[in-house]
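Q: Below is one structure. I have some questions about it.
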Amino acid sequence: MTRLPVPEAAALAHSQSLLATICGEIERAGGWLPFARFMELALYAPGQGYYTAGAQKFGAAGDFITAPEMTPLFARALARQVVQVMACSAPQVLEIGAGSGRLAADLLLALEAAGTLPEHYRILDLSADLRQRQQATIAAAAPHLLARVEWLDTLPETYSGVVVGNELLDAMPAHLVAWRENGIHERGVILSENGFAWAERPASGALLAAAEEIVGQCSLPPGYESEISLANRAWMADWGRRLSQGALLLLDYGFPRREYYHLQRGRGTLMCHYRHYAHPDPFYLPGLQDVTVHVDFTAIIAAADTQGLDLLGYCNQGQFLLNCGILDALAELPQGTPEYLKASNMVGKLLMPHEMGELFKVMAVGRGLDTPLLGFSSGDQSRRL
């Protein structure tokens, strides 16, 4: 593994505190912990997990850069899709996992410029630290709109309008599965004299059923290892009872199932991000690094379909942003200026297939919308799911 930056003493102490918490959980579980639970603790343990503690995560000073951090033109393009869904449902937006608050600030400003401000812009985030950062970001960029924003502790029982989830699904806990000669196994975490280590048990219950379904659709050789996110599926299905009218706009990196479980991905998609380094070791400095898996978008729409939700569109991010007019927004900037050159470079990264344009996908799932959505007017790939 690439030599990674050494954390400062306070950060290392924080990681060691979370490590002790995870060790205690493993011991209470009888010595073996499903990886999904390990990932949940590493990311969301109260006051200790990566997303619930105070470390800088986003932007140049953090561990990775998301699309909204790159250019406000991302939000300006997304706003055009948000406007259309609000017009067909209700004038409100719910953003889940709002990160630094950059997308919320830029989206509110874009909606204001279009004369289509939502009556309510709500944010659901589990991290008190991130809530403070979101408030500060919005207050700095759009202080006159801060009063329009409300932070929630739980999902609303019923909802109409737009739900935005940018790089949300990849951070939900996932089970690790291995298809072996002697059956399907779940990978878990044990304690060894050298720290955390892998150990396997026969898969059972809902996880086994999901793994059997996958191997029935995809030709997987013995020894194939990958992920299954039951949390993703449950979250999506839950919206079937909550969403009255509107759409969820989900932007994330992933694949349709037959591409996700491809022979070339025989060790899965698990990836960690620390100080802008990507590496595959989830046991490294728990609490200081992001742990993610790609999204099986076929599983997402299958879960939605069981609850009566409709697939409204699916395409790569580059095509979605083009459909939503990101180049028109770029053309409005004074050409040749430093602002234009920077924005042009960032837009290229968002659009180009070898950058973020192809790996990142956009899926819209909803109810009660009869109008074809702008973002999928060209290049829709729903048939691949």
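If you're wondering about the labels, chains in the structure tokens are A, B, ... by order shown, residues count from 1 in each chain, ligands from 1 in order shown.
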May I have the residues within 10 Å of Trp239 of chain A as an MDAnalysis selection string, using only C-alpha atoms and disregarding those fewer than 4 positions away in the same chain?
A: chainID A and resid 155:159 234:235 243:244 248 303:304 307:309 365:366
Q: Next, write the just-selected residues to a file, as a compact mmCIF listing (two decimals), in the first residue's frame, keeping C-alpha atoms as the atom set.
A:
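Saved as part-v5.txt:
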# COMPACT_ATOMS: atom_id res chain seq x y z
CA LEU A 155 -36.82 11.53 7.85
CA PRO A 156 -40.33 13.01 7.56
CA GLU A 157 -43.16 10.50 7.79
CA THR A 158 -44.61 11.74 4.52
CA TYR A 159 -42.98 13.94 1.92
CA ALA A 234 -33.80 -0.86 3.06
CA TRP A 235 -33.34 2.92 2.82
CA LEU A 243 -42.90 9.67 -0.67
CA SER A 244 -46.33 10.96 -1.66
CA LEU A 248 -35.30 11.31 -5.31
CA ALA A 303 -35.99 -2.14 -3.83
CA ALA A 304 -37.89 0.95 -4.99
CA GLN A 307 -42.72 -0.38 -2.84
CA GLY A 308 -44.45 1.07 -5.89
CA LEU A 309 -41.90 3.72 -6.81
CA VAL A 365 -36.86 7.48 -8.51
CA GLY A 366 -40.28 8.87 -7.72
Q: For segment 40-105 of chain A against segment 138-144 of chain A, with a cut-off of 9 Å and counting only C-alpha atoms, what is the closest atom pair and its distance in Å to one decimal for every residue that makes the cut, ordered by chain and number, as a tab-separated table?
A:
residue	atom	partner	partner_atom	distance
A:Gly101	CA	A:Ile138	CA	6.5
A:Arg102	CA	A:Ile138	CA	7.4
A:Ala104	CA	A:Ile138	CA	7.2
A:Ala105	CA	A:Ile138	CA	4.9
Q: Please, could you write that set of residues out with C-alpha atoms as a PDB file, in the first residue's frame?
A:
ATOM      1  CA  GLY A 101     -23.137  22.588   2.839  1.00  0.00           C
ATOM      2  CA  ARG A 102     -21.632  23.720  -0.456  1.00  0.00           C
ATOM      3  CA  ALA A 104     -27.099  23.527  -0.406  1.00  0.00           C
ATOM      4  CA  ALA A 105     -25.680  27.056  -0.624  1.00  0.00           C
TER       5      ALA A 105
END
Q: Would you return as a ChimeraX atom specification the members of segment 339-375 of chain A that DSSP assigns to helix (DSSP H, G or I) on this structure's backbone?
A: /A:339-351,353-357,374-375
Q: Just C-alpha atoms for this one: save the residues we selected as a PDB file, in the first residue's frame.
A:
ATOM      1  CA  GLU A 339     -13.068  32.498 -13.229  1.00  0.00           C
ATOM      2  CA  TYR A 340     -14.000  31.066 -16.628  1.00  0.00           C
ATOM      3  CA  LEU A 341     -10.777  29.091 -17.011  1.00  0.00           C
ATOM      4  CA  LYS A 342     -11.121  27.528 -13.567  1.00  0.00           C
ATOM      5  CA  ALA A 343     -14.788  26.704 -14.128  1.00  0.00           C
ATOM      6  CA  SER A 344     -14.038  25.257 -17.569  1.00  0.00           C
ATOM      7  CA  ASN A 345     -11.404  22.953 -16.098  1.00  0.00           C
ATOM      8  CA  MET A 346     -13.759  21.748 -13.370  1.00  0.00           C
ATOM      9  CA  VAL A 347     -16.654  21.231 -15.776  1.00  0.00           C
ATOM     10  CA  GLY A 348     -14.347  19.108 -17.901  1.00  0.00           C
ATOM     11  CA  LYS A 349     -13.627  16.890 -14.910  1.00  0.00           C
ATOM     12  CA  LEU A 350     -17.352  16.537 -14.211  1.00  0.00           C
ATOM     13  CA  LEU A 351     -18.149  15.619 -17.816  1.00  0.00           C
ATOM     14  CA  PRO A 353     -15.662   9.815 -19.194  1.00  0.00           C
ATOM     15  CA  HIS A 354     -12.131   9.251 -17.877  1.00  0.00           C
ATOM     16  CA  GLU A 355     -12.782  11.660 -14.978  1.00  0.00           C
ATOM     17  CA  MET A 356     -16.187  11.764 -13.198  1.00  0.00           C
ATOM     18  CA  GLY A 357     -18.495  11.802 -16.197  1.00  0.00           C
ATOM     19  CA  LEU A 374     -35.007  17.010 -18.241  1.00  0.00           C
ATOM     20  CA  GLY A 375     -31.859  15.374 -16.921  1.00  0.00           C
TER      21      GLY A 375
END
Q: Between A:Asp310, A:Glu332, A:Asp370, A:Glu259, which residue has the minimum interatomic distance to Phe297 of chain A, considering only C-alpha atoms?
A: A:Glu259
Q: For atom CA of His294 of chain A and atom CA of Arg384 of chain A, quote the distance in Å rounded to one decimal.
A: 16.6 Å
Q: Can you work out which one of A:Arg241, A:Val177, A:Gln335, A:Ile301 has the shortest atom-to-atom distance to Arg267 of chain A, counting only C-alpha atoms?
A: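 Result for the nearest residue to Arg267 of chain A: A:Val177.
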Q: Which of segment 59-181 of chain A counts as strand (DSSP E or B) under DSSP, as a PyMOL selection string please?
A: chain A and resi 64+92-96+120-124+149-152+159-166+175-180
Q: Write out as a compact mmCIF listing (two decimals) with N, CA and C atoms, in the first residue's frame each polymer residue whose atoms come within 9 Å of Gly188 of chain A, counting only C-alpha atoms; drop sequence neighbours fewer than 3 positions from it.
A:
# COMPACT_ATOMS: atom_id res chain seq x y z
N TRP A 32 -16.38 -12.07 16.57
CA TRP A 32 -16.53 -11.88 15.12
C TRP A 32 -17.60 -10.85 14.86
N LEU A 33 -17.27 -9.87 14.01
CA LEU A 33 -18.19 -8.77 13.73
C LEU A 33 -18.41 -8.68 12.22
N PRO A 34 -19.67 -8.65 11.76
CA PRO A 34 -19.89 -8.45 10.32
C PRO A 34 -19.24 -7.15 9.85
N PHE A 35 -18.67 -7.18 8.66
CA PHE A 35 -18.01 -5.96 8.19
C PHE A 35 -18.98 -4.79 8.12
N ALA A 36 -20.25 -5.06 7.82
CA ALA A 36 -21.21 -3.96 7.75
C ALA A 36 -21.27 -3.21 9.07
N ARG A 37 -21.19 -3.94 10.18
CA ARG A 37 -21.20 -3.29 11.49
C ARG A 37 -19.89 -2.56 11.74
N PHE A 38 -18.77 -3.14 11.32
CA PHE A 38 -17.48 -2.46 11.44
C PHE A 38 -17.51 -1.14 10.68
N HIS A 175 -22.29 -5.16 3.52
CA HIS A 175 -21.76 -6.48 3.88
C HIS A 175 -20.76 -6.91 2.82
N LEU A 176 -19.72 -7.61 3.24
CA LEU A 176 -18.77 -8.20 2.32
C LEU A 176 -19.08 -9.68 2.17
N ALA A 197 -8.36 -8.38 11.72
CA ALA A 197 -8.10 -9.38 10.69
C ALA A 197 -9.43 -9.87 10.12
N TRP A 198 -9.36 -10.48 8.95
CA TRP A 198 -10.55 -10.99 8.29
C TRP A 198 -10.85 -12.42 8.73
N ALA A 199 -12.13 -12.74 8.81
CA ALA A 199 -12.58 -14.12 9.05
C ALA A 199 -13.95 -14.27 8.41
N GLU A 200 -14.28 -15.47 8.00
CA GLU A 200 -15.53 -15.71 7.27
C GLU A 200 -16.43 -16.68 7.99
N ARG A 201 -17.74 -16.48 7.77
CA ARG A 201 -18.77 -17.39 8.25
C ARG A 201 -19.77 -17.63 7.13
Q: Using only C-alpha atoms, pick whichever of A:Leu251, A:Val215, A:Ile65, A:Leu146 has the shortest atom-to-atom distance to Ile96 of chain A.
A: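 Under the stated criterion, the closest residue is A:Leu251.
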